[in-house]
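*Asks:* Below you will find the structure I want to go over with you.
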Amino acid sequence: MASLELSNVRKAYGATPVLDDVSLTMAAREFVAFLGPSGSGKSTLLRIIAGLETADAGEVRLDGRRIDTLAPGDRGVAMVFQHYALYPHMSVRENMAFGLRNAGVPRQEIAARIDEAARVLEIETQLDKKPGQLSGGQRQRVAIGRAIVKQPRLFLLDEPLSNLDAALRTRTRVELAQLRQRVDAAVIMVTHDQAEAMTLADRIVVMHDRAIQQIGAPMEIYGRPANAFVARFVGSPAMTLAPVSLLADESAFAAVRLGEGARIETRVPRDGLAVGAPLELGVRPENVQVVETSGGVPEAKVELVERLGDRTFVYARLADGLSITAEDAGGSRVRIGDTIGLRIDGAAVHLFTPDGRARHAAAAAA
Amino acid sequence: MLGAMLMAAPLVWTLLLSLKANSELMRDSGTAFSAPYTLENYRAVLQGSSAFRWLLNSLIVSTGTMIGVLILCSLAGYGFARLEFPFRRTLFVFVLLGLAIPEQAVILPRHQLFAALHLHNSYPGLILPGLAGPFGVFFMTQYFRAIPRELDEAAMLDGASRLRIFWKVLLPLTLPAQATLGVFTFLAAWNDYWWPLISATRSERFTLTVGLASAQMNYAQTSGLGFLMAQAVFASLPILIVYLLFQKQIVRAIAGTSGR
Ligand SMILES: Nc1ncnc2c1ncn2[C@@H]1O[C@H](COP(=O)(O)OP(=O)(O)OP(=O)(O)O)[C@@H](O)[C@H]1O
Ligand SMILES: [Mg+2]
């Protein structure tokens, strides 16, 4: 059975629309990440599901029951806030018990649930401390614990890791993934960290411009972005987008020409593309290889070299002024100012029509 | 240091005078610096004067005012900070305007109003004017506003009703503010002189300030300086206790930090 169902949710603040006709269906126990740039309405959507905001139109259902008409506490959802929102004057134990008391859970049951959650989250020794006496990471665990003890049907996490330092963030990410296996509930996590979304989520919902741009499994979003926005937003460094023109050809696949003159044979089916129509070519850094300058490959001047150890990203500029990002080996000798040759892997490029819609290589369809 | 000595000198002087027999002081108040000392004046205060009665009145009026102000200002502060209702901003500005109106401007109409309502010479008559405190409303509103809304929201998701959120989550967080506002309100009511002077015309409703002032006029010749000073020391004891109990809050409030 479907877990959460959003149908045609709309929201505007005054005259400013924030969400336009958002629909989404989650499978039972699914982990979904809302990914999008700042201001794209991720938090707003989360808050509508939680009942902290009311939608102007549309329905929200959880496990088949309509919940948008219910009070936040009656919806069967639990939320972990970005700044944790622990009650400062209550001990960790009281923080976790508060919601259960309000729900009339028997005292012994409350104690049992808290002990269990504290054990799982390894905060047993902190139970009698106040939030102010805890570290950021510990507070985060308490916030998660407070959600877990309620045994909700749906967890809502608003940027749960954004207040942690890098090391702790990676560790907590792993723990979240493990935790997720234990709970019998669906999870929505808001983030604008794509690595977080890619590692944790079953499906990613990419949001931008008041609407869902694409819903898909992480590799689908990465490998077959639905449009130019998703293509650029997901992946780091970002995909290079270059204006190209379609060449007349007999082949079933489109051949295009870059502004600086190079011809690229793609694996994108030609049907429906008009010769001469303006198109955009999208190619990820790992599909642009640094090679010796020799006739036939586009040449570019290196502007920035980013050495990550295992590989090197090279930011270069083609003769026609287009910026392009390439990947080279970890031990790359390329230096700023060098002129390098680039080999673009035609089989891996995407084409985008003027309306932003993507065409993908046929081979990658599998 | 010098400042502290200057501040302390009159207090020490008062204390010394209160411990001297009146007959000695009549000759020369300079004898206050030398023995013999006596508690005779204090005995007289406890037995003879209405000081006890006035002290009780002051306690009732000050405590009543304090409790009333805390309740009203907490509710109003919560309302202004968290509830949506028509003309909220306008009303808030209106309340703040109250800060600009000096007591002198309203005391006459208030006197007439209270006379018409037969509230003079009663505890409500002494307490009610102190409850209209724009500063307290402003203070509590700011304090409630500073509490992150995420806490309300977390509590909503925890299934708490609005009343429960106020009572269990927000109000406990305002305790430092309650203490500060409470102490200042208590002290202001304790030290108030003008309104009780007008409203309480019968000795059994005098507050300590009014009572002591009347005593100075009536008894200065008969009972003597030492007796007066003993009364003054006696009168300042409760306030001294309040200061000692709430030292931290008072210092914080004056230093302008919330101490959270
Ligand atoms: N209470 C509000 N009143 C008016 N506008 C609001 C309100 N809350 C959010 N908005 C607007 O709605 C839009 C979406 O906000 P939202 O907080 O949902 O974005 P977000 O995707 O969560 O961004 P971020 O990644 O920065 O958290 C923004 O343009 C924001 O300015
Ligand atoms: Mg947000």
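Chain lettering (A, B, ...) mirrors the order of the structure tokens, residue numbering begins at 1 for each chain separately, and ligand numbering begins at 1 in order of display.
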Please provide as a short mmCIF file (atom, residue, chain, number, x, y, z; two decimals) with N, CA and C atoms, in the first residue's frame all residues within 6 Å of region 158-174 of chain B, with the sequence filter that same-chain residues fewer than 2 positions apart are discarded (counting only C-alpha atoms).
*Replies:*
data_model
loop_
_atom_site.label_atom_id
_atom_site.label_comp_id
_atom_site.auth_asym_id
_atom_site.auth_seq_id
_atom_site.Cartn_x
_atom_site.Cartn_y
_atom_site.Cartn_z
N GLY A 73 -0.45 16.78 15.72
CA GLY A 73 -0.19 15.69 16.65
C GLY A 73 -0.97 14.41 16.35
N GLY A 99 5.77 13.92 24.16
CA GLY A 99 4.78 13.57 23.14
C GLY A 99 3.98 12.34 23.54
N ASN A 102 1.41 13.23 26.13
CA ASN A 102 0.27 13.91 25.52
C ASN A 102 -0.65 12.92 24.83
N ALA B 155 6.23 20.98 19.80
CA ALA B 155 5.21 20.60 20.78
C ALA B 155 3.88 20.30 20.09
N MET B 156 3.58 21.05 19.03
CA MET B 156 2.35 20.75 18.28
C MET B 156 2.41 19.34 17.72
N PRO B 176 13.34 33.25 33.95
CA PRO B 176 14.25 34.36 34.27
C PRO B 176 13.56 35.71 34.11
N ALA B 177 12.76 35.83 33.07
CA ALA B 177 12.05 37.10 32.85
C ALA B 177 11.02 37.32 33.94
#
*Asks:* Around ligand 2, which protein and nucleic acid residues have at least one atom no more than 10 Å from it, if we count only C-alpha atoms and all ligand atoms? List them as a list in words.
*Replies:* Gly36, Pro37, Ser38, Gly39, Ser40, Gly41, Lys42, Ser43, Thr44, Leu45, Leu46, Arg47, Gln82, Asp158, Glu159, Val190, Thr191 and His192 of chain A
*Asks:* Compile the contact shell of Pro17 (chain A) as a ChimeraX atom specification: residues with an atom at most 10 Å away, counting only C-alpha atoms, same-chain residues fewer than 6 positions apart removed.
*Replies:* /A:10-11,41,209-210
*Asks:* Distance limit 8 Å, atoms considered: only C-alpha atoms. Which chain A residues sit that close to chain B? Return them as a compact mmCIF listing (two decimals) with C-alpha atoms, in the first residue's frame.
*Replies:*
# COMPACT_ATOMS: atom_id res chain seq x y z
CA ALA A 50 3.44 17.82 9.13
CA LEU A 52 2.53 23.20 10.43
CA ALA A 71 -4.00 18.45 13.85
CA PRO A 72 -0.23 17.93 13.60
CA GLY A 73 -0.19 15.69 16.65
CA ASP A 74 -2.85 13.37 15.25
CA VAL A 77 4.11 11.81 11.67
CA ALA A 78 7.20 12.79 13.64
CA MET A 79 9.59 15.52 12.68
CA PHE A 81 13.86 19.90 13.10
CA ALA A 85 13.98 22.14 18.73
CA LEU A 86 14.57 20.23 21.94
CA TYR A 87 12.77 21.63 24.96
CA PRO A 88 15.64 23.33 26.80
CA HIS A 89 14.15 23.07 30.28
CA PHE A 98 6.50 14.68 26.34
CA GLY A 99 4.78 13.57 23.14
CA LEU A 100 3.96 10.15 24.55
CA ASN A 102 0.27 13.91 25.52
CA ALA A 103 -0.86 10.86 23.60
*Asks:* Would you kindly return, as a list of chain:residue names, each protein, DNA or RNA residue with an atom no farther than 8 Å from any atom of Leu131 (chain B), considering only C-alpha atoms and excluding same-chain residues fewer than 6 positions away?
*Replies:* B:Thr65, B:Gly68, B:Val69, B:Leu72
*Asks:* Name the residues in contact with Ala118 (chain A) at a cut-off of 9 Å, using only C-alpha atoms, excluding same-chain residues fewer than 4 positions from it; report them as a short mmCIF file (atom, residue, chain, number, x, y, z; two decimals) with C-alpha atoms, in the first residue's frame.
*Replies:*
data_model
loop_
_atom_site.label_atom_id
_atom_site.label_comp_id
_atom_site.auth_asym_id
_atom_site.auth_seq_id
_atom_site.Cartn_x
_atom_site.Cartn_y
_atom_site.Cartn_z
CA ARG A 113 10.27 2.94 24.56
CA ILE A 114 12.70 5.56 25.84
CA GLU A 122 23.69 5.21 22.44
CA ILE A 123 22.48 8.05 24.61
CA GLU A 124 21.67 5.99 27.70
CA THR A 125 24.11 7.96 29.82
CA GLN A 126 22.66 11.30 28.72
CA LEU A 127 19.06 10.66 29.68
CA ARG A 141 20.44 11.92 18.45
CA VAL A 142 18.00 13.07 21.07
CA GLY A 145 15.09 9.64 19.57
#
*Asks:* Which neighbours of region 207-213 of chain B fall inside 7 Å, counting only C-alpha atoms, when residues of the same chain fewer than 2 positions from it are skipped, and could you give them as a list in words?
*Replies:*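 Here the answer would be Ala51, Trp54, Leu55, Asn57, Ser58, Asn191, Tyr193, Pro196, Leu197, Arg205, Ala215, Gln216, Met217 and Ala235 of chain B.
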*Asks:* Selection from above, N, CA and C atoms, as a short mmCIF file (atom, residue, chain, number, x, y, z; two decimals), in the first residue's frame, can you write it?
*Replies:*
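Saved file selection31.cif follows:
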data_model
loop_
_atom_site.label_atom_id
_atom_site.label_comp_id
_atom_site.auth_asym_id
_atom_site.auth_seq_id
_atom_site.Cartn_x
_atom_site.Cartn_y
_atom_site.Cartn_z
N ALA B 51 3.35 50.03 62.84
CA ALA B 51 4.29 49.61 61.80
C ALA B 51 4.00 48.20 61.29
N TRP B 54 1.16 48.30 58.90
CA TRP B 54 1.55 48.90 57.61
C TRP B 54 2.42 47.94 56.82
N LEU B 55 3.28 47.25 57.53
CA LEU B 55 4.15 46.27 56.87
C LEU B 55 3.30 45.21 56.18
N ASN B 57 0.21 45.50 55.23
CA ASN B 57 -0.46 46.12 54.08
C ASN B 57 0.48 46.18 52.88
N SER B 58 1.70 46.63 53.15
CA SER B 58 2.66 46.73 52.06
C SER B 58 2.91 45.37 51.42
N ASN B 191 7.83 50.58 47.16
CA ASN B 191 8.34 51.94 47.35
C ASN B 191 7.33 53.01 46.94
N TYR B 193 4.65 55.68 46.79
CA TYR B 193 4.20 56.55 47.88
C TYR B 193 2.97 57.35 47.50
N PRO B 196 -0.75 55.36 47.15
CA PRO B 196 -1.27 54.99 48.48
C PRO B 196 -1.58 56.20 49.35
N LEU B 197 -0.79 57.24 49.18
CA LEU B 197 -1.04 58.46 49.96
C LEU B 197 -2.42 59.03 49.63
N ARG B 205 -5.20 51.27 56.55
CA ARG B 205 -4.93 50.88 55.17
C ARG B 205 -3.62 51.48 54.66
N ALA B 215 4.11 59.05 60.43
CA ALA B 215 4.71 58.92 61.75
C ALA B 215 5.74 60.01 61.99
N GLN B 216 6.49 60.33 60.95
CA GLN B 216 7.52 61.35 61.12
C GLN B 216 6.90 62.68 61.51
N MET B 217 5.77 62.98 60.89
CA MET B 217 5.13 64.25 61.21
C MET B 217 4.56 64.23 62.62
N ALA B 235 11.32 48.92 58.59
CA ALA B 235 10.59 48.98 57.33
C ALA B 235 11.44 48.48 56.17
#
*Asks:* Got a sec: who's within 10 Å of Leu200 (chain A), counting only C-alpha atoms, leaving out chain neighbours fewer than 5 positions off, as JSON, numbers by chain?
*Replies:* {"A": [31, 32, 33, 173, 174, 176, 177, 178, 180, 189, 194, 195, 218]}
*Asks:* Got a sec to tell me which of region 8-255 of chain B DSSP assigns to alpha helix (DSSP H), as number ranges by chain?
*Replies:* B: 8-18, 22-27, 40-48, 51-82, 88-97, 103-116, 123-131, 134-146, 149-157, 162-164, 171-173, 175-191, 194-199, 208-219, 225-245, 247-255
*Asks:* Run DSSP on the backbone and tell me which residues of region 2-34 of chain A come out as strand (DSSP E); list them as a PyMOL selection string.
*Replies:* chain A and resi 2-13+16-27+31-34
*Asks:* Now that the selection is made, can you save its residues with C-alpha atoms as a PDB file, in the first residue's frame?
*Replies:*
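New file part05.pdb:
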ATOM      1  CA  ALA A   2       1.111   3.509  -0.645  1.00  0.00           C
ATOM      2  CA  SER A   3       2.486   5.301   2.356  1.00  0.00           C
ATOM      3  CA  LEU A   4       2.272   9.014   1.720  1.00  0.00           C
ATOM      4  CA  GLU A   5       0.226  10.402  -1.116  1.00  0.00           C
ATOM      5  CA  LEU A   6       0.273  14.046  -2.082  1.00  0.00           C
ATOM      6  CA  SER A   7      -2.179  15.084  -4.714  1.00  0.00           C
ATOM      7  CA  ASN A   8      -2.153  18.457  -6.402  1.00  0.00           C
ATOM      8  CA  VAL A   9      -0.830  20.357  -3.429  1.00  0.00           C
ATOM      9  CA  ARG A  10      -0.669  24.089  -3.899  1.00  0.00           C
ATOM     10  CA  LYS A  11       0.650  26.777  -1.632  1.00  0.00           C
ATOM     11  CA  ALA A  12       1.196  30.491  -1.970  1.00  0.00           C
ATOM     12  CA  TYR A  13       2.389  33.024   0.565  1.00  0.00           C
ATOM     13  CA  THR A  16       3.865  34.512  -4.182  1.00  0.00           C
ATOM     14  CA  PRO A  17       3.261  30.940  -5.270  1.00  0.00           C
ATOM     15  CA  VAL A  18       5.625  28.533  -3.548  1.00  0.00           C
ATOM     16  CA  LEU A  19       4.258  25.153  -4.602  1.00  0.00           C
ATOM     17  CA  ASP A  20       2.362  24.516  -7.807  1.00  0.00           C
ATOM     18  CA  ASP A  21       0.392  21.349  -8.118  1.00  0.00           C
ATOM     19  CA  VAL A  22       2.745  18.979  -6.359  1.00  0.00           C
ATOM     20  CA  SER A  23       1.872  15.285  -6.461  1.00  0.00           C
ATOM     21  CA  LEU A  24       3.862  12.402  -5.067  1.00  0.00           C
ATOM     22  CA  THR A  25       3.225   8.814  -4.040  1.00  0.00           C
ATOM     23  CA  MET A  26       5.565   7.026  -1.684  1.00  0.00           C
ATOM     24  CA  ALA A  27       5.815   3.273  -1.250  1.00  0.00           C
ATOM     25  CA  PHE A  31      13.073   6.732   2.037  1.00  0.00           C
ATOM     26  CA  VAL A  32      12.612   9.808  -0.084  1.00  0.00           C
ATOM     27  CA  ALA A  33      14.882  12.835  -0.192  1.00  0.00           C
ATOM     28  CA  PHE A  34      13.664  16.272  -1.207  1.00  0.00           C
TER      29      PHE A  34
END
*Asks:* Tell me, in Å to one decimal, how far CA of Asp249 (chain A) is from CA of Val268 (chain A).
*Replies:*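 CA of Asp249 (chain A) sits 13.1 Å away from CA of Val268 (chain A).
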